[in-house]
Amino acid sequence: MEKFYIATAIDYVNGPPHIGHAYEKIASDVIFRHYEQRGIPAFFLTGSDEHGIKIQKAASEKGISPQDFCDDIAGKFIKEWKLFDIKYSRYIRTTEAEHKRVVRHIFKTLIERGDIYKASYNGLYCTGCECFLSERELDDDGNCPSHKTKPQEVREENYFFRLSKYKERIQEHIKANPGFILPDYRANEVLNQLKDAEDISVSRSRNSVSWGIPVPDDDSQVIYVWIDALSNYLTGIGYLSNNELYEKFWPTDCHMIGKDILKFHSIYWIAILMAMEIPLPKTIVAHGWITIDQSKMSKSLGNVIAPGDILGAFGLEVPDALRYFLMTTTTFGNDGNYSDEEFKNKVNADLANNLGNLLNRSLSMLVKYFDGNVSPEAVTVAENNNLAALSDKTKREVIENMDKYQPYQAAESIINLVDSANRYINEQAPWTLAKNEETQLQCAQVLYNVLEALRYVSVLIYPYIPNIAQNMREQLGFDDRVSDFMLSDLQWGGLKPGRIASKDSVKPVFLRLDSELAGDKKKNAN
RNA sequence: CGCGGGGUGGAGCAGUCCGGUAGCUCGUUGGGCUCAUAACCCAAAGGUCAAGGGUUCAAAUCCCUUCCCCGCAACCA
């Protein structure tokens, strides 16, 4: 692989970010950072979807312009991603001039090619919602479910995209490329939906929706979400604006999206690209949802959690623990659950008790028995060394699992290595070896093995917990950035002799969480 | 017969595609260690892998049937 381009779905900015938004960005960030560690040029795109009736309405309710409204909410997203150390390469907003140009270009090209045509649209329009409803959206009495009023039959001229023309080609593509949609069971779902795919409406009358990009040469119509939002993946990588970037990174290697919008990405978007004769993405990964205390997060249930609030409630200064938890709460693709209790238990067990304590106990012994010195004789070789073999195996497993978009399994491998090192210490009992002159060297070698395994761990786990990993690396006596360390350089024996630790340098990298997000929102200091 | 996901020891989850002694974390009980963040290590108790049937030398895993839970309207990833 010579490059890696990953894009998240862009978030609709009609409300502030919640933990579900964060889940997708964290997953993408972990994968992105991993590819960077492999020395592969990588690009990570995320951003916001800012047009449409809902934003128009939300803005007017607040009495501000849609653009001001978007600026405000997009700002909150950007701030949140900074808080979570989301290392995106570019944050794209669909209200950018550059993007509007791309959208209009695509729309125009498709009209010219005959893939977009004008037709009349017969729909049921709810004046309360200010939008069309499909028949299956209506309640049993044929009323709008939210307004309990009968929608009116309205005929409107709209532009349509000839989706039906590409059905077979998409089917064939999905069948011919097993990894195209992940998890694979979702591919069947898409093939099913594809059976009754019809042409889709790609514009709205300006009278019903004004907040959007006008159709080229037809100001009475505004481009609807599909072409507007999905095209961000092209704009974001320099299509029509930065050819060098575009040539280097297109097509998208990974579309990281929620399971609810799989259809739009694997059918609509693919068809649009086919119609534009643009190469198709490699993989579309559909992740599950984060439920809260086992129920779906929803505003009506009042259980929507802002990710930053969790950090605040537990007094966390860095996002690492929550990043780690979300990536390990369930197999990627399934729904995962968040609860304060599970969060606390998981990170206490893995990050504090196992990983943090392992580093702490081994460095403490190094300080206690050898004044923090790694002597040249203590350096071990990989041959006939179980811990070295396991470290290398873990590295391979991490790479394999990341290639399959399975961050859960990759993390599990890393924690297994930590467990093994903890067991190894207990078996070798360096505290006993330290007491006798004859076993001093053996003691030093045991500690070296453990610290070297921990150096592997710090590099491998860096994508999940970048701050803690950096801290680990520093305590192991390095003054460089763990983010700059390449996996290809991760070989046994990298821990160099010399004085690497002192009594003052050894401190816990992750403290156990003992506070709890007490029932309702416990306001934190700020 | 609408579509999809799920049902694995007390809790939360792997394992199911590519059948071969049922695994992890937490919790419980007993023991060990004393280097460490009341941590770490060992052991034990606890499961008819929703139910029934089938294929097979062998099924949590493949096939069929049944039951139960959750999404598929909005807010929303």
# chains A, B, ... in the order shown; residues from 1 in each chain; ligands from 1

call {"tool": "residues_around", "arguments": {"residues": "A:Val509", "least_positions_apart": "3", "cutoff": "7 Å", "atoms": "only C-alpha atoms (C1' of nucleotides)", "output": "PyMOL selection string"}}
result
chain A and resi 356+468+471-472

call {"tool": "write_last_selection", "arguments": {"atoms": "N, CA and C atoms", "output": "mmCIF file, in the first residue's frame"}}
result
data_model
loop_
_atom_site.group_PDB
_atom_site.id
_atom_site.type_symbol
_atom_site.label_atom_id
_atom_site.label_comp_id
_atom_site.auth_asym_id
_atom_site.auth_seq_id
_atom_site.Cartn_x
_atom_site.Cartn_y
_atom_site.Cartn_z
ATOM 1 N N GLY A 356 -0.347 0.295 33.328
ATOM 2 C CA GLY A 356 0.327 1.325 34.113
ATOM 3 C C GLY A 356 1.137 0.736 35.254
ATOM 4 N N ILE A 468 -0.806 8.829 26.843
ATOM 5 C CA ILE A 468 -0.246 7.866 27.779
ATOM 6 C C ILE A 468 0.968 7.180 27.150
ATOM 7 N N ASN A 471 3.928 9.366 27.410
ATOM 8 C CA ASN A 471 4.398 9.358 28.788
ATOM 9 C C ASN A 471 5.209 8.089 29.077
ATOM 10 N N MET A 472 4.699 6.974 28.583
ATOM 11 C CA MET A 472 5.422 5.705 28.776
ATOM 12 C C MET A 472 6.808 5.781 28.142
#

call {"tool": "interface_residues", "arguments": {"of": "chain B", "to": "chain A", "cutoff": "7 Å", "atoms": "only C-alpha atoms (C1' of nucleotides)", "output": "PyMOL selection string"}}
result
chain B and resi 13+26+35-37+39-41+73-77

call {"tool": "write_last_selection", "arguments": {"atoms": "N, CA, C and O atoms (P, O5', C5', C4', C3', O3' and C1' of nucleotides)", "output": "PDB file, in the first residue's frame"}}
result
ATOM      1  P     C B  13     -22.937  -6.137  26.199  1.00  0.00           P
ATOM      2  O5'   C B  13     -21.451  -6.452  25.763  1.00  0.00           O
ATOM      3  C5'   C B  13     -21.173  -7.392  24.752  1.00  0.00           C
ATOM      4  C4'   C B  13     -19.702  -7.650  24.782  1.00  0.00           C
ATOM      5  C3'   C B  13     -19.217  -8.623  23.729  1.00  0.00           C
ATOM      6  O3'   C B  13     -18.988  -7.911  22.524  1.00  0.00           O
ATOM      7  C1'   C B  13     -18.316  -9.235  25.822  1.00  0.00           C
ATOM      8  P     C B  26      -9.966  -8.283  35.503  1.00  0.00           P
ATOM      9  O5'   C B  26     -11.416  -7.861  36.016  1.00  0.00           O
ATOM     10  C5'   C B  26     -11.807  -6.501  36.013  1.00  0.00           C
ATOM     11  C4'   C B  26     -13.264  -6.380  36.354  1.00  0.00           C
ATOM     12  C3'   C B  26     -13.692  -7.022  37.666  1.00  0.00           C
ATOM     13  O3'   C B  26     -13.385  -6.209  38.783  1.00  0.00           O
ATOM     14  C1'   C B  26     -15.249  -7.571  35.991  1.00  0.00           C
ATOM     15  P     C B  35       9.630  -5.859  48.176  1.00  0.00           P
ATOM     16  O5'   C B  35       9.344  -5.047  46.841  1.00  0.00           O
ATOM     17  C5'   C B  35      10.379  -4.404  46.144  1.00  0.00           C
ATOM     18  C4'   C B  35       9.871  -4.063  44.789  1.00  0.00           C
ATOM     19  C3'   C B  35       8.520  -3.390  44.792  1.00  0.00           C
ATOM     20  O3'   C B  35       8.684  -2.029  45.075  1.00  0.00           O
ATOM     21  C1'   C B  35       8.637  -5.011  43.075  1.00  0.00           C
ATOM     22  P     A B  36       7.623  -1.232  45.869  1.00  0.00           P
ATOM     23  O5'   A B  36       6.503  -0.983  44.768  1.00  0.00           O
ATOM     24  C5'   A B  36       6.778  -0.145  43.652  1.00  0.00           C
ATOM     25  C4'   A B  36       5.626  -0.250  42.692  1.00  0.00           C
ATOM     26  C3'   A B  36       4.285   0.122  43.308  1.00  0.00           C
ATOM     27  O3'   A B  36       4.051   1.485  43.058  1.00  0.00           O
ATOM     28  C1'   A B  36       4.142  -1.972  42.176  1.00  0.00           C
ATOM     29  P     U B  37       3.295   2.384  44.104  1.00  0.00           P
ATOM     30  O5'   U B  37       1.850   2.379  43.447  1.00  0.00           O
ATOM     31  C5'   U B  37       0.788   3.085  44.085  1.00  0.00           C
ATOM     32  C4'   U B  37      -0.475   2.760  43.325  1.00  0.00           C
ATOM     33  C3'   U B  37      -0.814   1.273  43.274  1.00  0.00           C
ATOM     34  O3'   U B  37      -1.884   1.025  44.152  1.00  0.00           O
ATOM     35  C1'   U B  37      -1.260   2.406  41.223  1.00  0.00           C
ATOM     36  P     A B  39      -6.699  -3.367  43.764  1.00  0.00           P
ATOM     37  O5'   A B  39      -5.610  -3.791  42.681  1.00  0.00           O
ATOM     38  C5'   A B  39      -5.199  -2.828  41.731  1.00  0.00           C
ATOM     39  C4'   A B  39      -3.741  -3.016  41.393  1.00  0.00           C
ATOM     40  C3'   A B  39      -3.340  -4.407  40.928  1.00  0.00           C
ATOM     41  O3'   A B  39      -3.708  -4.610  39.575  1.00  0.00           O
ATOM     42  C1'   A B  39      -1.734  -3.586  42.451  1.00  0.00           C
ATOM     43  P     C B  40      -4.251  -5.996  39.100  1.00  0.00           P
ATOM     44  O5'   C B  40      -2.950  -6.894  39.054  1.00  0.00           O
ATOM     45  C5'   C B  40      -1.871  -6.549  38.191  1.00  0.00           C
ATOM     46  C4'   C B  40      -0.690  -7.432  38.497  1.00  0.00           C
ATOM     47  C3'   C B  40      -0.993  -8.923  38.503  1.00  0.00           C
ATOM     48  O3'   C B  40      -0.968  -9.449  37.192  1.00  0.00           O
ATOM     49  C1'   C B  40       0.205  -8.380  40.452  1.00  0.00           C
ATOM     50  P     C B  41      -1.906 -10.640  36.776  1.00  0.00           P
ATOM     51  O5'   C B  41      -1.226 -11.889  37.479  1.00  0.00           O
ATOM     52  C5'   C B  41       0.062 -12.333  37.076  1.00  0.00           C
ATOM     53  C4'   C B  41       0.493 -13.489  37.942  1.00  0.00           C
ATOM     54  C3'   C B  41      -0.515 -14.625  38.033  1.00  0.00           C
ATOM     55  O3'   C B  41      -0.396 -15.499  36.927  1.00  0.00           O
ATOM     56  C1'   C B  41       0.218 -14.067  40.194  1.00  0.00           C
ATOM     57  P     A B  73     -38.355   3.808   9.834  1.00  0.00           P
ATOM     58  O5'   A B  73     -38.702   5.220  10.425  1.00  0.00           O
ATOM     59  C5'   A B  73     -39.672   5.989   9.705  1.00  0.00           C
ATOM     60  C4'   A B  73     -40.138   7.122  10.537  1.00  0.00           C
ATOM     61  C3'   A B  73     -39.075   7.984  11.191  1.00  0.00           C
ATOM     62  O3'   A B  73     -38.502   8.861  10.230  1.00  0.00           O
ATOM     63  C1'   A B  73     -40.889   7.643  12.674  1.00  0.00           C
ATOM     64  P     A B  74     -37.011   9.416  10.498  1.00  0.00           P
ATOM     65  O5'   A B  74     -37.268  10.487  11.633  1.00  0.00           O
ATOM     66  C5'   A B  74     -38.047  11.659  11.356  1.00  0.00           C
ATOM     67  C4'   A B  74     -38.249  12.420  12.631  1.00  0.00           C
ATOM     68  C3'   A B  74     -36.963  12.823  13.335  1.00  0.00           C
ATOM     69  O3'   A B  74     -36.520  14.061  12.817  1.00  0.00           O
ATOM     70  C1'   A B  74     -38.427  11.821  14.888  1.00  0.00           C
ATOM     71  P     C B  75     -35.040  14.188  12.325  1.00  0.00           P
ATOM     72  O5'   C B  75     -34.272  14.459  13.685  1.00  0.00           O
ATOM     73  C5'   C B  75     -34.607  15.599  14.464  1.00  0.00           C
ATOM     74  C4'   C B  75     -34.012  15.454  15.826  1.00  0.00           C
ATOM     75  C3'   C B  75     -32.574  14.945  15.864  1.00  0.00           C
ATOM     76  O3'   C B  75     -31.653  15.979  15.591  1.00  0.00           O
ATOM     77  C1'   C B  75     -33.866  13.944  17.576  1.00  0.00           C
ATOM     78  P     C B  76     -30.654  15.822  14.405  1.00  0.00           P
ATOM     79  O5'   C B  76     -29.953  14.428  14.718  1.00  0.00           O
ATOM     80  C5'   C B  76     -29.014  14.316  15.777  1.00  0.00           C
ATOM     81  C4'   C B  76     -28.635  12.879  15.933  1.00  0.00           C
ATOM     82  C3'   C B  76     -27.990  12.261  14.697  1.00  0.00           C
ATOM     83  O3'   C B  76     -26.608  12.559  14.675  1.00  0.00           O
ATOM     84  C1'   C B  76     -29.650  10.820  15.532  1.00  0.00           C
ATOM     85  P     A B  77     -25.811  12.559  13.312  1.00  0.00           P
ATOM     86  O5'   A B  77     -24.814  11.359  13.463  1.00  0.00           O
ATOM     87  C5'   A B  77     -23.633  11.355  12.713  1.00  0.00           C
ATOM     88  C4'   A B  77     -23.203   9.920  12.675  1.00  0.00           C
ATOM     89  C3'   A B  77     -24.334   9.052  12.134  1.00  0.00           C
ATOM     90  O3'   A B  77     -24.084   8.756  10.778  1.00  0.00           O
ATOM     91  C1'   A B  77     -23.472   8.211  14.204  1.00  0.00           C
TER      92        A B  77
END

call {"tool": "residues_around", "arguments": {"residues": "B:U8", "least_positions_apart": "6", "cutoff": "10 Å", "atoms": "only C-alpha atoms (C1' of nucleotides)", "output": "number ranges by chain"}}
result
B: 14-15, 22, 47, 49-50, 60

call {"tool": "write_last_selection", "arguments": {"atoms": "all heavy atoms", "output": "short mmCIF file (atom, residue, chain, number, x, y, z; two decimals), in the first residue's frame"}}
result
data_model
loop_
_atom_site.label_atom_id
_atom_site.label_comp_id
_atom_site.auth_asym_id
_atom_site.auth_seq_id
_atom_site.Cartn_x
_atom_site.Cartn_y
_atom_site.Cartn_z
P A B 14 -19.11 -8.70 21.14
OP1 A B 14 -19.19 -7.71 20.07
OP2 A B 14 -20.13 -9.76 21.24
"O5'" A B 14 -17.65 -9.31 21.09
"C5'" A B 14 -17.45 -10.66 20.89
"C4'" A B 14 -15.99 -10.95 20.99
"O4'" A B 14 -15.71 -11.39 22.35
"C3'" A B 14 -15.57 -12.09 20.10
"O3'" A B 14 -15.20 -11.62 18.82
"C2'" A B 14 -14.40 -12.68 20.87
"O2'" A B 14 -13.23 -11.92 20.68
"C1'" A B 14 -14.88 -12.54 22.31
N9 A B 14 -15.67 -13.68 22.79
C8 A B 14 -16.97 -13.70 23.21
N7 A B 14 -17.38 -14.88 23.60
C5 A B 14 -16.27 -15.69 23.43
C6 A B 14 -16.04 -17.05 23.67
N6 A B 14 -16.97 -17.86 24.16
N1 A B 14 -14.82 -17.55 23.39
C2 A B 14 -13.89 -16.72 22.91
N3 A B 14 -13.98 -15.42 22.63
C4 A B 14 -15.20 -14.96 22.92
P G B 15 -15.84 -12.22 17.53
OP1 G B 15 -15.12 -11.65 16.38
OP2 G B 15 -17.30 -12.08 17.64
"O5'" G B 15 -15.49 -13.76 17.65
"C5'" G B 15 -14.13 -14.22 17.59
"C4'" G B 15 -14.07 -15.65 18.03
"O4'" G B 15 -14.54 -15.76 19.38
"C3'" G B 15 -14.97 -16.60 17.23
"O3'" G B 15 -14.28 -17.05 16.08
"C2'" G B 15 -15.19 -17.74 18.22
"O2'" G B 15 -14.12 -18.65 18.21
"C1'" G B 15 -15.23 -17.00 19.55
N9 G B 15 -16.59 -16.72 20.00
C8 G B 15 -17.30 -15.55 19.86
N7 G B 15 -18.51 -15.62 20.35
C5 G B 15 -18.60 -16.91 20.85
C6 G B 15 -19.67 -17.57 21.49
O6 G B 15 -20.79 -17.14 21.77
N1 G B 15 -19.35 -18.89 21.83
C2 G B 15 -18.14 -19.48 21.57
N2 G B 15 -18.01 -20.75 21.96
N3 G B 15 -17.13 -18.88 20.97
C4 G B 15 -17.43 -17.61 20.64
P A B 22 -15.12 -27.63 25.58
OP1 A B 22 -15.23 -28.28 26.88
OP2 A B 22 -16.29 -26.98 24.97
"O5'" A B 22 -13.93 -26.57 25.67
"C5'" A B 22 -13.73 -25.60 24.65
"C4'" A B 22 -14.21 -24.24 25.07
"O4'" A B 22 -15.65 -24.23 25.05
"C3'" A B 22 -13.91 -23.84 26.51
"O3'" A B 22 -12.60 -23.30 26.58
"C2'" A B 22 -14.95 -22.73 26.75
"O2'" A B 22 -14.46 -21.48 26.31
"C1'" A B 22 -16.07 -23.13 25.80
N9 A B 22 -17.35 -23.44 26.42
C8 A B 22 -17.74 -24.59 27.03
N7 A B 22 -18.99 -24.57 27.45
C5 A B 22 -19.42 -23.31 27.08
C6 A B 22 -20.65 -22.65 27.22
N6 A B 22 -21.71 -23.22 27.79
N1 A B 22 -20.74 -21.40 26.76
C2 A B 22 -19.69 -20.84 26.18
N3 A B 22 -18.49 -21.35 25.97
C4 A B 22 -18.42 -22.59 26.44
P G B 47 -23.14 -24.33 36.27
OP1 G B 47 -24.47 -24.88 36.51
OP2 G B 47 -21.94 -25.17 36.34
"O5'" G B 47 -23.13 -23.63 34.86
"C5'" G B 47 -24.01 -22.53 34.58
"C4'" G B 47 -23.96 -22.24 33.12
"O4'" G B 47 -22.61 -21.93 32.75
"C3'" G B 47 -24.34 -23.42 32.21
"O3'" G B 47 -25.73 -23.39 31.98
"C2'" G B 47 -23.57 -23.11 30.91
"O2'" G B 47 -24.38 -22.38 29.99
"C1'" G B 47 -22.45 -22.19 31.37
N9 G B 47 -21.08 -22.67 31.14
C8 G B 47 -20.52 -23.87 31.45
N7 G B 47 -19.26 -23.95 31.13
C5 G B 47 -18.98 -22.73 30.53
C6 G B 47 -17.79 -22.23 29.95
O6 G B 47 -16.70 -22.78 29.86
N1 G B 47 -17.96 -20.94 29.48
C2 G B 47 -19.13 -20.22 29.53
N2 G B 47 -19.10 -18.99 29.03
N3 G B 47 -20.26 -20.68 30.07
C4 G B 47 -20.10 -21.93 30.53
P C B 49 -25.42 -25.47 25.54
OP1 C B 49 -26.79 -25.71 25.06
OP2 C B 49 -24.27 -25.77 24.68
"O5'" C B 49 -25.30 -23.98 26.09
"C5'" C B 49 -26.19 -22.95 25.66
"C4'" C B 49 -25.34 -21.83 25.11
"O4'" C B 49 -23.97 -22.22 25.18
"C3'" C B 49 -25.64 -21.51 23.65
"O3'" C B 49 -26.28 -20.24 23.66
"C2'" C B 49 -24.29 -21.42 22.96
"O2'" C B 49 -24.07 -20.13 22.43
"C1'" C B 49 -23.29 -21.64 24.10
N1 C B 49 -22.10 -22.45 23.82
C2 C B 49 -20.99 -21.78 23.30
O2 C B 49 -21.10 -20.58 23.03
N3 C B 49 -19.84 -22.47 23.11
C4 C B 49 -19.79 -23.76 23.42
N4 C B 49 -18.64 -24.38 23.24
C5 C B 49 -20.91 -24.46 23.94
C6 C B 49 -22.04 -23.77 24.12
P A B 50 -27.32 -19.93 22.50
OP1 A B 50 -27.30 -20.96 21.46
OP2 A B 50 -26.99 -18.52 22.21
"O5'" A B 50 -28.75 -19.96 23.19
"C5'" A B 50 -28.89 -19.67 24.59
"C4'" A B 50 -30.35 -19.79 24.92
"O4'" A B 50 -31.06 -18.74 24.23
"C3'" A B 50 -30.97 -21.08 24.43
"O3'" A B 50 -30.81 -22.11 25.39
"C2'" A B 50 -32.43 -20.68 24.26
"O2'" A B 50 -33.11 -20.63 25.49
"C1'" A B 50 -32.28 -19.25 23.72
N9 A B 50 -32.21 -19.20 22.26
C8 A B 50 -31.16 -18.73 21.49
N7 A B 50 -31.35 -18.81 20.20
C5 A B 50 -32.62 -19.37 20.10
C6 A B 50 -33.42 -19.73 18.99
N6 A B 50 -33.04 -19.54 17.73
N1 A B 50 -34.63 -20.26 19.23
C2 A B 50 -35.02 -20.44 20.49
N3 A B 50 -34.35 -20.16 21.63
C4 A B 50 -33.15 -19.62 21.36
P A B 60 -21.44 -27.51 20.40
OP1 A B 60 -20.00 -27.63 20.22
OP2 A B 60 -22.07 -28.05 21.61
"O5'" A B 60 -21.81 -25.96 20.28
"C5'" A B 60 -23.10 -25.48 20.62
"C4'" A B 60 -23.22 -24.03 20.21
"O4'" A B 60 -22.18 -23.28 20.90
"C3'" A B 60 -22.99 -23.76 18.73
"O3'" A B 60 -24.19 -23.83 18.02
"C2'" A B 60 -22.47 -22.33 18.76
"O2'" A B 60 -23.53 -21.39 18.86
"C1'" A B 60 -21.65 -22.30 20.04
N9 A B 60 -20.25 -22.60 19.81
C8 A B 60 -19.56 -23.74 20.17
N7 A B 60 -18.29 -23.71 19.82
C5 A B 60 -18.14 -22.47 19.20
C6 A B 60 -17.05 -21.85 18.59
N6 A B 60 -15.85 -22.39 18.52
N1 A B 60 -17.24 -20.63 18.05
C2 A B 60 -18.46 -20.10 18.11
N3 A B 60 -19.58 -20.58 18.67
C4 A B 60 -19.36 -21.78 19.19
#

call {"tool": "atom_distance", "arguments": {"atom1": "atom CA of A:Tyr405", "atom2": "atom CA of A:Phe32"}}
result
10.8 Å

call {"tool": "residues_around", "arguments": {"residues": "stretch 62-69 of chain B", "least_positions_apart": "2", "cutoff": "10 Å", "atoms": "only C-alpha atoms (C1' of nucleotides)", "output": "PyMOL selection string"}}
result
chain B and resi 6-7+16+19+50-56+59

call {"tool": "write_last_selection", "arguments": {"atoms": "C-alpha atoms (C1' of nucleotides)", "output": "PDB file, in the first residue's frame"}}
result
ATOM      1  C1'   G B   6     -28.727 -10.034  18.738  1.00  0.00           C
ATOM      2  C1'   G B   7     -29.809 -14.265  22.526  1.00  0.00           C
ATOM      3  C1'   U B  16     -19.579 -18.340  14.641  1.00  0.00           C
ATOM      4  C1'   G B  19     -16.842 -27.262  12.572  1.00  0.00           C
ATOM      5  C1'   A B  50     -32.283 -19.254  23.715  1.00  0.00           C
ATOM      6  C1'   A B  51     -35.254 -24.083  22.364  1.00  0.00           C
ATOM      7  C1'   G B  52     -36.101 -28.351  19.141  1.00  0.00           C
ATOM      8  C1'   G B  53     -34.629 -31.174  14.999  1.00  0.00           C
ATOM      9  C1'   G B  54     -30.964 -32.390  11.079  1.00  0.00           C
ATOM     10  C1'   U B  55     -25.878 -33.057   8.637  1.00  0.00           C
ATOM     11  C1'   U B  56     -21.157 -35.094  10.676  1.00  0.00           C
ATOM     12  C1'   A B  59     -21.543 -28.270  16.031  1.00  0.00           C
TER      13        A B  59
END

call {"tool": "residues_around", "arguments": {"residues": "A:Pro41", "least_positions_apart": "4", "cutoff": "8 Å", "atoms": "only C-alpha atoms (C1' of nucleotides)", "output": "number ranges by chain"}}
result
A: 2-4, 35-36

call {"tool": "residues_around", "arguments": {"residues": "stretch 167-170 of chain A", "least_positions_apart": "2", "cutoff": "10 Å", "atoms": "only C-alpha atoms (C1' of nucleotides)", "output": "list in words"}}
result
Arg162, Leu163, Ser164, Lys165, Glu172, His173, Ile174, Lys175, Ala176, Val190, Leu191, Leu194, Lys195, Asp196, Ala197, Glu198, Ser266, Ile267, Tyr268, Ile270, Ala271 and Met274 of chain A

call {"tool": "residues_around", "arguments": {"residues": "stretch 98-103 of chain A", "least_positions_apart": "6", "cutoff": "10 Å", "atoms": "only C-alpha atoms (C1' of nucleotides)", "output": "number ranges by chain"}}
result
A: 92, 109, 212-216, 223, 227-236, 238-241

call {"tool": "write_last_selection", "arguments": {"atoms": "N, CA and C atoms", "output": "PDB file, in the first residue's frame"}}
result
ATOM      1  N   ILE A  92     -13.501  19.588   6.563  1.00  0.00           N
ATOM      2  CA  ILE A  92     -14.222  20.196   5.448  1.00  0.00           C
ATOM      3  C   ILE A  92     -15.627  20.611   5.859  1.00  0.00           C
ATOM      4  N   THR A 109     -22.096  18.294 -14.780  1.00  0.00           N
ATOM      5  CA  THR A 109     -21.566  17.208 -15.597  1.00  0.00           C
ATOM      6  C   THR A 109     -22.618  16.101 -15.763  1.00  0.00           C
ATOM      7  N   GLY A 212     -29.059  26.063   0.664  1.00  0.00           N
ATOM      8  CA  GLY A 212     -28.365  25.024  -0.074  1.00  0.00           C
ATOM      9  C   GLY A 212     -27.703  25.621  -1.294  1.00  0.00           C
ATOM     10  N   ILE A 213     -27.093  24.751  -2.060  1.00  0.00           N
ATOM     11  CA  ILE A 213     -26.370  25.201  -3.244  1.00  0.00           C
ATOM     12  C   ILE A 213     -27.331  25.197  -4.434  1.00  0.00           C
ATOM     13  N   PRO A 214     -27.481  26.331  -5.121  1.00  0.00           N
ATOM     14  CA  PRO A 214     -28.406  26.397  -6.253  1.00  0.00           C
ATOM     15  C   PRO A 214     -27.991  25.454  -7.375  1.00  0.00           C
ATOM     16  N   VAL A 215     -28.975  24.916  -8.051  1.00  0.00           N
ATOM     17  CA  VAL A 215     -28.689  24.081  -9.214  1.00  0.00           C
ATOM     18  C   VAL A 215     -28.097  24.982 -10.304  1.00  0.00           C
ATOM     19  N   PRO A 216     -27.047  24.536 -10.960  1.00  0.00           N
ATOM     20  CA  PRO A 216     -26.446  25.354 -12.013  1.00  0.00           C
ATOM     21  C   PRO A 216     -27.492  25.710 -13.088  1.00  0.00           C
ATOM     22  N   ILE A 223     -29.739  22.136  -4.689  1.00  0.00           N
ATOM     23  CA  ILE A 223     -29.211  20.767  -4.708  1.00  0.00           C
ATOM     24  C   ILE A 223     -29.462  20.088  -3.361  1.00  0.00           C
ATOM     25  N   ILE A 227     -25.852  14.761  -3.452  1.00  0.00           N
ATOM     26  CA  ILE A 227     -24.671  15.255  -4.170  1.00  0.00           C
ATOM     27  C   ILE A 227     -23.930  16.302  -3.342  1.00  0.00           C
ATOM     28  N   ASP A 228     -24.665  17.076  -2.617  1.00  0.00           N
ATOM     29  CA  ASP A 228     -24.050  18.114  -1.784  1.00  0.00           C
ATOM     30  C   ASP A 228     -23.119  17.515  -0.728  1.00  0.00           C
ATOM     31  N   ALA A 229     -23.653  16.583   0.049  1.00  0.00           N
ATOM     32  CA  ALA A 229     -22.869  16.075   1.177  1.00  0.00           C
ATOM     33  C   ALA A 229     -21.818  15.055   0.749  1.00  0.00           C
ATOM     34  N   LEU A 230     -22.214  14.086  -0.063  1.00  0.00           N
ATOM     35  CA  LEU A 230     -21.282  13.002  -0.400  1.00  0.00           C
ATOM     36  C   LEU A 230     -20.049  13.499  -1.156  1.00  0.00           C
ATOM     37  N   SER A 231     -20.234  14.552  -1.928  1.00  0.00           N
ATOM     38  CA  SER A 231     -19.101  15.051  -2.710  1.00  0.00           C
ATOM     39  C   SER A 231     -17.975  15.617  -1.851  1.00  0.00           C
ATOM     40  N   ASN A 232     -18.221  15.762  -0.581  1.00  0.00           N
ATOM     41  CA  ASN A 232     -17.171  16.324   0.281  1.00  0.00           C
ATOM     42  C   ASN A 232     -15.902  15.490   0.222  1.00  0.00           C
ATOM     43  N   TYR A 233     -16.084  14.189  -0.042  1.00  0.00           N
ATOM     44  CA  TYR A 233     -14.917  13.307  -0.071  1.00  0.00           C
ATOM     45  C   TYR A 233     -13.993  13.662  -1.236  1.00  0.00           C
ATOM     46  N   LEU A 234     -14.569  14.236  -2.264  1.00  0.00           N
ATOM     47  CA  LEU A 234     -13.759  14.687  -3.394  1.00  0.00           C
ATOM     48  C   LEU A 234     -13.148  16.060  -3.111  1.00  0.00           C
ATOM     49  N   THR A 235     -13.996  16.966  -2.675  1.00  0.00           N
ATOM     50  CA  THR A 235     -13.490  18.311  -2.379  1.00  0.00           C
ATOM     51  C   THR A 235     -12.346  18.240  -1.384  1.00  0.00           C
ATOM     52  N   GLY A 236     -12.550  17.424  -0.345  1.00  0.00           N
ATOM     53  CA  GLY A 236     -11.595  17.369   0.761  1.00  0.00           C
ATOM     54  C   GLY A 236     -10.216  16.921   0.343  1.00  0.00           C
ATOM     55  N   GLY A 238      -8.926  17.629  -2.648  1.00  0.00           N
ATOM     56  CA  GLY A 238      -8.368  18.510  -3.665  1.00  0.00           C
ATOM     57  C   GLY A 238      -8.909  18.380  -5.070  1.00  0.00           C
ATOM     58  N   TYR A 239      -9.999  17.665  -5.226  1.00  0.00           N
ATOM     59  CA  TYR A 239     -10.621  17.539  -6.545  1.00  0.00           C
ATOM     60  C   TYR A 239     -10.949  18.925  -7.083  1.00  0.00           C
ATOM     61  N   LEU A 240     -10.510  19.243  -8.262  1.00  0.00           N
ATOM     62  CA  LEU A 240     -10.693  20.538  -8.921  1.00  0.00           C
ATOM     63  C   LEU A 240      -9.882  21.681  -8.315  1.00  0.00           C
ATOM     64  N   SER A 241      -9.147  21.405  -7.246  1.00  0.00           N
ATOM     65  CA  SER A 241      -8.432  22.537  -6.658  1.00  0.00           C
ATOM     66  C   SER A 241      -6.961  22.235  -6.402  1.00  0.00           C
TER      67      SER A 241
END

call {"tool": "select_by_dssp", "arguments": {"residues": "stretch 17-68 of chain A", "states": "alpha helix (DSSP H)", "output": "JSON, numbers by chain"}}
result
{"A": [19, 20, 21, 22, 23, 24, 25, 26, 27, 28, 29, 30, 31, 32, 33, 34, 35, 36, 37, 53, 54, 55, 56, 57, 58, 59, 60, 61, 62, 66, 67, 68]}
